[in-house]
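What follows is the content of run_28.csv (CSV, N, CA and C atoms and all ligand atoms).
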chain,number,residue,atom,x,y,z
A,85,MET,N,0.8,-1.2,0.0
A,85,MET,CA,0.0,0.0,0.0
A,85,MET,C,0.9,1.2,0.0
A,86,SER,N,0.4,2.3,-0.6
A,86,SER,CA,1.1,3.5,-0.6
A,86,SER,C,0.2,4.6,-0.2
A,87,VAL,N,0.8,5.7,0.2
A,87,VAL,CA,0.0,6.9,0.8
A,87,VAL,C,0.4,8.1,0.0
A,88,LYS,N,-0.6,9.0,-0.2
A,88,LYS,CA,-0.3,10.3,-0.9
A,88,LYS,C,0.2,11.3,0.2
A,89,VAL,N,1.3,11.9,0.0
A,89,VAL,CA,1.8,12.9,1.0
A,89,VAL,C,1.9,14.3,0.4
A,90,LYS,N,2.0,15.2,1.2
A,90,LYS,CA,2.3,16.6,0.8
A,90,LYS,C,3.3,17.2,1.7
A,91,VAL,N,3.9,18.3,1.2
A,91,VAL,CA,4.9,19.0,2.0
A,91,VAL,C,4.4,20.4,2.3
A,92,ASN,N,4.5,20.8,3.5
A,92,ASN,CA,4.1,22.1,3.9
A,92,ASN,C,5.3,23.0,3.6
A,93,LYS,N,5.2,23.7,2.5
A,93,LYS,CA,6.4,24.5,2.0
A,93,LYS,C,6.7,25.7,2.9
A,94,GLU,N,5.7,26.2,3.6
A,94,GLU,CA,6.0,27.2,4.6
A,94,GLU,C,7.0,26.7,5.7
A,95,ALA,N,6.8,25.5,6.0
A,95,ALA,CA,7.6,24.9,7.1
A,95,ALA,C,9.0,24.3,6.6
A,96,CYS,N,9.0,23.8,5.4
A,96,CYS,CA,10.2,23.1,4.9
A,96,CYS,C,11.4,24.0,4.9
A,97,ILE,N,12.5,23.5,5.4
A,97,ILE,CA,13.8,24.3,5.5
A,97,ILE,C,14.8,23.8,4.4
A,98,GLY,N,14.3,22.8,3.6
A,98,GLY,CA,15.2,22.3,2.5
A,98,GLY,C,16.4,21.5,3.0
A,99,CYS,N,16.2,20.8,4.1
A,99,CYS,CA,17.4,20.1,4.7
A,99,CYS,C,17.8,18.9,3.8
A,100,GLY,N,16.9,18.4,3.0
A,100,GLY,CA,17.2,17.4,2.0
A,100,GLY,C,17.1,15.9,2.5
A,101,LEU,N,16.7,15.8,3.8
A,101,LEU,CA,16.6,14.4,4.3
A,101,LEU,C,15.6,13.6,3.6
A,102,CYS,N,14.4,14.1,3.3
A,102,CYS,CA,13.4,13.3,2.7
A,102,CYS,C,13.8,13.0,1.2
A,103,VAL,N,14.4,14.0,0.6
A,103,VAL,CA,14.8,13.8,-0.8
A,103,VAL,C,15.9,12.7,-0.9
A,104,GLY,N,16.8,12.7,0.0
A,104,GLY,CA,17.9,11.7,0.1
A,104,GLY,C,17.4,10.3,0.4
A,105,SER,N,16.5,10.3,1.3
A,105,SER,CA,16.0,9.0,1.8
A,105,SER,C,14.9,8.4,0.8
A,106,TYR,N,14.1,9.2,0.2
A,106,TYR,CA,13.0,8.7,-0.6
A,106,TYR,C,12.9,9.5,-1.9
A,107,PRO,N,13.9,9.3,-2.8
A,107,PRO,CA,14.0,10.0,-4.0
A,107,PRO,C,12.8,9.8,-5.0
A,108,ASP,N,12.2,8.6,-4.8
A,108,ASP,CA,11.0,8.4,-5.7
A,108,ASP,C,9.8,9.2,-5.3
A,109,THR,N,9.8,9.7,-4.1
A,109,THR,CA,8.7,10.4,-3.5
A,109,THR,C,8.9,12.0,-3.5
A,110,PHE,N,10.2,12.3,-3.1
A,110,PHE,CA,10.4,13.8,-2.9
A,110,PHE,C,11.6,14.2,-3.8
A,111,ALA,N,11.5,15.5,-4.3
A,111,ALA,CA,12.6,16.1,-5.0
A,111,ALA,C,12.6,17.6,-4.6
A,112,PHE,N,13.7,18.3,-5.0
A,112,PHE,CA,13.7,19.7,-4.7
A,112,PHE,C,13.0,20.5,-5.7
A,113,ASP,N,12.3,21.5,-5.3
A,113,ASP,CA,11.7,22.4,-6.3
A,113,ASP,C,12.7,23.6,-6.6
A,114,ASP,N,12.3,24.5,-7.4
A,114,ASP,CA,13.2,25.6,-7.8
A,114,ASP,C,13.6,26.5,-6.7
A,115,GLU,N,12.9,26.4,-5.6
A,115,GLU,CA,13.3,27.3,-4.4
A,115,GLU,C,14.1,26.5,-3.4
A,116,GLY,N,14.4,25.2,-3.7
A,116,GLY,CA,15.2,24.4,-2.8
A,116,GLY,C,14.4,23.8,-1.7
A,117,LYS,N,13.1,23.7,-1.9
A,117,LYS,CA,12.3,23.1,-0.9
A,117,LYS,C,11.8,21.8,-1.5
A,118,ALA,N,11.4,20.9,-0.6
A,118,ALA,CA,10.9,19.6,-1.0
A,118,ALA,C,9.6,19.7,-1.7
A,119,THR,N,9.4,18.9,-2.8
A,119,THR,CA,8.1,18.8,-3.4
A,119,THR,C,7.8,17.3,-3.7
A,120,VAL,N,6.6,17.0,-3.8
A,120,VAL,CA,6.2,15.6,-3.9
A,120,VAL,C,6.2,15.2,-5.4
A,121,VAL,N,6.9,14.1,-5.7
A,121,VAL,CA,6.9,13.6,-7.1
A,121,VAL,C,6.3,12.2,-7.3
A,122,GLY,N,5.9,11.6,-6.1
A,122,GLY,CA,5.4,10.3,-6.2
A,122,GLY,C,4.8,9.9,-4.9
A,123,GLU,N,4.2,8.7,-4.9
A,123,GLU,CA,3.6,8.3,-3.6
A,123,GLU,C,4.7,7.6,-2.7
A,124,LEU,N,4.3,7.5,-1.5
A,124,LEU,CA,5.2,6.9,-0.5
A,124,LEU,C,4.7,5.6,0.0
A,125,ALA,N,5.5,4.6,0.2
A,125,ALA,CA,5.0,3.3,0.8
A,125,ALA,C,4.5,3.6,2.2
A,126,ASP,N,3.4,3.0,2.5
A,126,ASP,CA,2.7,3.2,3.8
A,126,ASP,C,3.7,3.0,4.9
A,127,ALA,N,4.5,1.9,4.8
A,127,ALA,CA,5.5,1.6,5.8
A,127,ALA,C,6.5,2.6,6.1
A,128,ASP,N,6.7,3.5,5.1
A,128,ASP,CA,7.8,4.5,5.2
A,128,ASP,C,7.3,5.8,5.7
A,129,PHE,N,6.0,6.0,5.8
A,129,PHE,CA,5.4,7.3,6.2
A,129,PHE,C,5.9,7.7,7.6
A,130,ASP,N,5.9,6.9,8.6
A,130,ASP,CA,6.3,7.3,9.9
A,130,ASP,C,7.7,7.7,9.9
A,131,ASP,N,8.6,7.0,9.2
A,131,ASP,CA,10.0,7.3,9.1
A,131,ASP,C,10.2,8.7,8.5
A,132,ALA,N,9.6,8.9,7.3
A,132,ALA,CA,9.8,10.1,6.5
A,132,ALA,C,9.2,11.3,7.3
A,133,ALA,N,8.0,11.2,7.8
A,133,ALA,CA,7.4,12.3,8.5
A,133,ALA,C,8.1,12.5,9.9
A,134,GLY,N,8.5,11.5,10.5
A,134,GLY,CA,9.1,11.6,11.9
A,134,GLY,C,10.5,12.2,11.8
A,135,ASN,N,11.2,11.9,10.7
A,135,ASN,CA,12.6,12.4,10.6
A,135,ASN,C,12.7,13.9,10.0
A,136,CYS,N,11.6,14.4,9.5
A,136,CYS,CA,11.6,15.8,9.0
A,136,CYS,C,11.7,16.7,10.2
A,137,PRO,N,12.8,17.5,10.3
A,137,PRO,CA,13.0,18.3,11.5
A,137,PRO,C,12.0,19.3,11.8
A,138,VAL,N,11.2,19.6,10.8
A,138,VAL,CA,10.1,20.7,11.1
A,138,VAL,C,8.7,20.1,10.9
A,139,GLY,N,8.6,18.8,10.8
A,139,GLY,CA,7.3,18.2,10.7
A,139,GLY,C,6.5,18.7,9.5
A,140,ALA,N,7.2,18.9,8.4
A,140,ALA,CA,6.5,19.4,7.2
A,140,ALA,C,5.8,18.4,6.3
A,141,ILE,N,6.1,17.1,6.6
A,141,ILE,CA,5.5,16.0,5.7
A,141,ILE,C,4.2,15.5,6.3
A,142,GLU,N,3.1,15.6,5.6
A,142,GLU,CA,1.8,15.2,6.1
A,142,GLU,C,1.1,14.3,5.0
A,143,LYS,N,0.1,13.6,5.5
A,143,LYS,CA,-0.7,12.8,4.6
A,143,LYS,C,-1.7,13.8,3.9
A,144,GLU,N,-2.0,13.5,2.6
A,144,GLU,CA,-2.9,14.3,1.9
A,144,GLU,C,-4.3,14.2,2.5
A,201,LIG,S1,12.9,16.5,5.5
A,201,LIG,FE1,11.3,18.2,5.9
A,201,LIG,S2,12.5,20.1,6.0
A,201,LIG,FE2,13.9,18.5,5.1
A,201,LIG,S3,13.6,18.8,2.8
A,201,LIG,FE3,12.1,17.2,3.5
A,201,LIG,S4,10.2,18.3,4.0
A,201,LIG,FE4,11.9,19.8,3.9
Encoded form using structure tokens:
Amino acid sequence: MSVKVKVNKEACIGCGLCVGSYPDTFAFDDEGKATVVGELADADFDDAAGNCPVGAIEKE
């Protein structure tokens, strides 16, 4: 199962953790913030969201 996620761009500080860990799901946009490019495996959501230092990764 996979989950649709979104990034709160106001909160994102562009640390790159999510992009590095889940490149099929996150990429950098033109402003150096994370943007969603694909779905995330259900099992990876807690890891991705929990590791974001500003809590910017949320379920759609
Ligand atoms: S882990 Fe969080 S702060 Fe870092 S790039 Fe991803 S969404 Fe932005």
Quick one: residues within 6.5 Å of Thr119 in chain A, all atoms listed in the file counted, chain neighbours fewer than 2 positions away excluded, as a PyMOL selection string?
chain A and resi 91+109-113+117+121-122
For the atom pair atom C of Val89 in chain A and CA of Leu124 in chain A, what is the interatomic distance in Å to one decimal place?
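The value is 8.2 Å.
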Per-residue DSSP, chain A, filtered to strand (DSSP E or B), as a ChimeraX atom specification
/A:86-87,89-91,110-112,118-120,124-125,141-143
Sorted by chain and rising residue number, which residues of chain A lie within 6.5 Å of ligand LIG 201 (chain A), and what are their closest atom pairs and distances in Å to one decimal, counting all atoms listed in the file, as a tab-separated table?
residue	atom	partner	partner_atom	distance
A:Val91	CA	A:LIG201	S4	5.7
A:Asn92	N	A:LIG201	S4	6.2
A:Ala95	C	A:LIG201	S2	5.5
A:Cys96	CA	A:LIG201	FE4	3.8
A:Ile97	N	A:LIG201	S2	3.5
A:Gly98	N	A:LIG201	FE4	3.9
A:Cys99	N	A:LIG201	FE2	3.4
A:Gly100	N	A:LIG201	S3	3.3
A:Leu101	N	A:LIG201	FE2	4.1
A:Cys102	N	A:LIG201	S1	3.6
A:Val103	N	A:LIG201	FE3	4.9
A:Lys117	C	A:LIG201	S3	5.5
A:Ala118	N	A:LIG201	S3	4.6
A:Asn135	C	A:LIG201	S1	5.2
A:Cys136	CA	A:LIG201	S1	3.8
A:Pro137	N	A:LIG201	FE1	4.7
A:Val138	N	A:LIG201	S2	5.0
A:Gly139	N	A:LIG201	FE1	5.6
A:Ala140	N	A:LIG201	FE1	4.9
A:Ile141	N	A:LIG201	S4	5.0
Distance of CA of Val87 in chain A from atom C of Glu144 in chain A, expressed in Å to one decimal place
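These atoms are spaced 8.6 Å apart.
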Filtered DSSP result for chain A, state alpha helix (DSSP H), as a PDB file with N, CA and C atoms, in the coordinates of the input:
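Ended up saving to states_10.pdb:
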ATOM      1  N   LEU A 101      16.700  15.800   3.800  1.00  0.00           N
ATOM      2  CA  LEU A 101      16.600  14.400   4.300  1.00  0.00           C
ATOM      3  C   LEU A 101      15.600  13.600   3.600  1.00  0.00           C
ATOM      4  N   CYS A 102      14.400  14.100   3.300  1.00  0.00           N
ATOM      5  CA  CYS A 102      13.400  13.300   2.700  1.00  0.00           C
ATOM      6  C   CYS A 102      13.800  13.000   1.200  1.00  0.00           C
ATOM      7  N   VAL A 103      14.400  14.000   0.600  1.00  0.00           N
ATOM      8  CA  VAL A 103      14.800  13.800  -0.800  1.00  0.00           C
ATOM      9  C   VAL A 103      15.900  12.700  -0.900  1.00  0.00           C
ATOM     10  N   GLY A 104      16.800  12.700   0.000  1.00  0.00           N
ATOM     11  CA  GLY A 104      17.900  11.700   0.100  1.00  0.00           C
ATOM     12  C   GLY A 104      17.400  10.300   0.400  1.00  0.00           C
ATOM     13  N   SER A 105      16.500  10.300   1.300  1.00  0.00           N
ATOM     14  CA  SER A 105      16.000   9.000   1.800  1.00  0.00           C
ATOM     15  C   SER A 105      14.900   8.400   0.800  1.00  0.00           C
ATOM     16  N   ASP A 126       3.400   3.000   2.500  1.00  0.00           N
ATOM     17  CA  ASP A 126       2.700   3.200   3.800  1.00  0.00           C
ATOM     18  C   ASP A 126       3.700   3.000   4.900  1.00  0.00           C
ATOM     19  N   ALA A 127       4.500   1.900   4.800  1.00  0.00           N
ATOM     20  CA  ALA A 127       5.500   1.600   5.800  1.00  0.00           C
ATOM     21  C   ALA A 127       6.500   2.600   6.100  1.00  0.00           C
ATOM     22  N   ASP A 128       6.700   3.500   5.100  1.00  0.00           N
ATOM     23  CA  ASP A 128       7.800   4.500   5.200  1.00  0.00           C
ATOM     24  C   ASP A 128       7.300   5.800   5.700  1.00  0.00           C
ATOM     25  N   PHE A 129       6.000   6.000   5.800  1.00  0.00           N
ATOM     26  CA  PHE A 129       5.400   7.300   6.200  1.00  0.00           C
ATOM     27  C   PHE A 129       5.900   7.700   7.600  1.00  0.00           C
ATOM     28  N   ASP A 130       5.900   6.900   8.600  1.00  0.00           N
ATOM     29  CA  ASP A 130       6.300   7.300   9.900  1.00  0.00           C
ATOM     30  C   ASP A 130       7.700   7.700   9.900  1.00  0.00           C
ATOM     31  N   ASP A 131       8.600   7.000   9.200  1.00  0.00           N
ATOM     32  CA  ASP A 131      10.000   7.300   9.100  1.00  0.00           C
ATOM     33  C   ASP A 131      10.200   8.700   8.500  1.00  0.00           C
ATOM     34  N   ALA A 132       9.600   8.900   7.300  1.00  0.00           N
ATOM     35  CA  ALA A 132       9.800  10.100   6.500  1.00  0.00           C
ATOM     36  C   ALA A 132       9.200  11.300   7.300  1.00  0.00           C
ATOM     37  N   ALA A 133       8.000  11.200   7.800  1.00  0.00           N
ATOM     38  CA  ALA A 133       7.400  12.300   8.500  1.00  0.00           C
ATOM     39  C   ALA A 133       8.100  12.500   9.900  1.00  0.00           C
ATOM     40  N   GLY A 134       8.500  11.500  10.500  1.00  0.00           N
ATOM     41  CA  GLY A 134       9.100  11.600  11.900  1.00  0.00           C
ATOM     42  C   GLY A 134      10.500  12.200  11.800  1.00  0.00           C
ATOM     43  N   ASN A 135      11.200  11.900  10.700  1.00  0.00           N
ATOM     44  CA  ASN A 135      12.600  12.400  10.600  1.00  0.00           C
ATOM     45  C   ASN A 135      12.700  13.900  10.000  1.00  0.00           C
TER      46      ASN A 135
END
Determine the nearest neighbour of Ser86 in chain A from the options A:Asp131, A:Glu142, A:Glu123, A:Asp114, counting all atoms listed in the file.
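Of all the options, A:Glu123 lies closest to Ser86 in chain A.
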Hey, can you check how far atom N of Glu115 in chain A sits from CA of Ala132 in chain A?
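A separation of 20.5 Å between them.
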Which of these, A:Met85, A:Pro107, A:Asp128, A:Lys90, has the shortest distance to Lys143 in chain A once you count all atoms listed in the file?
A:Lys90
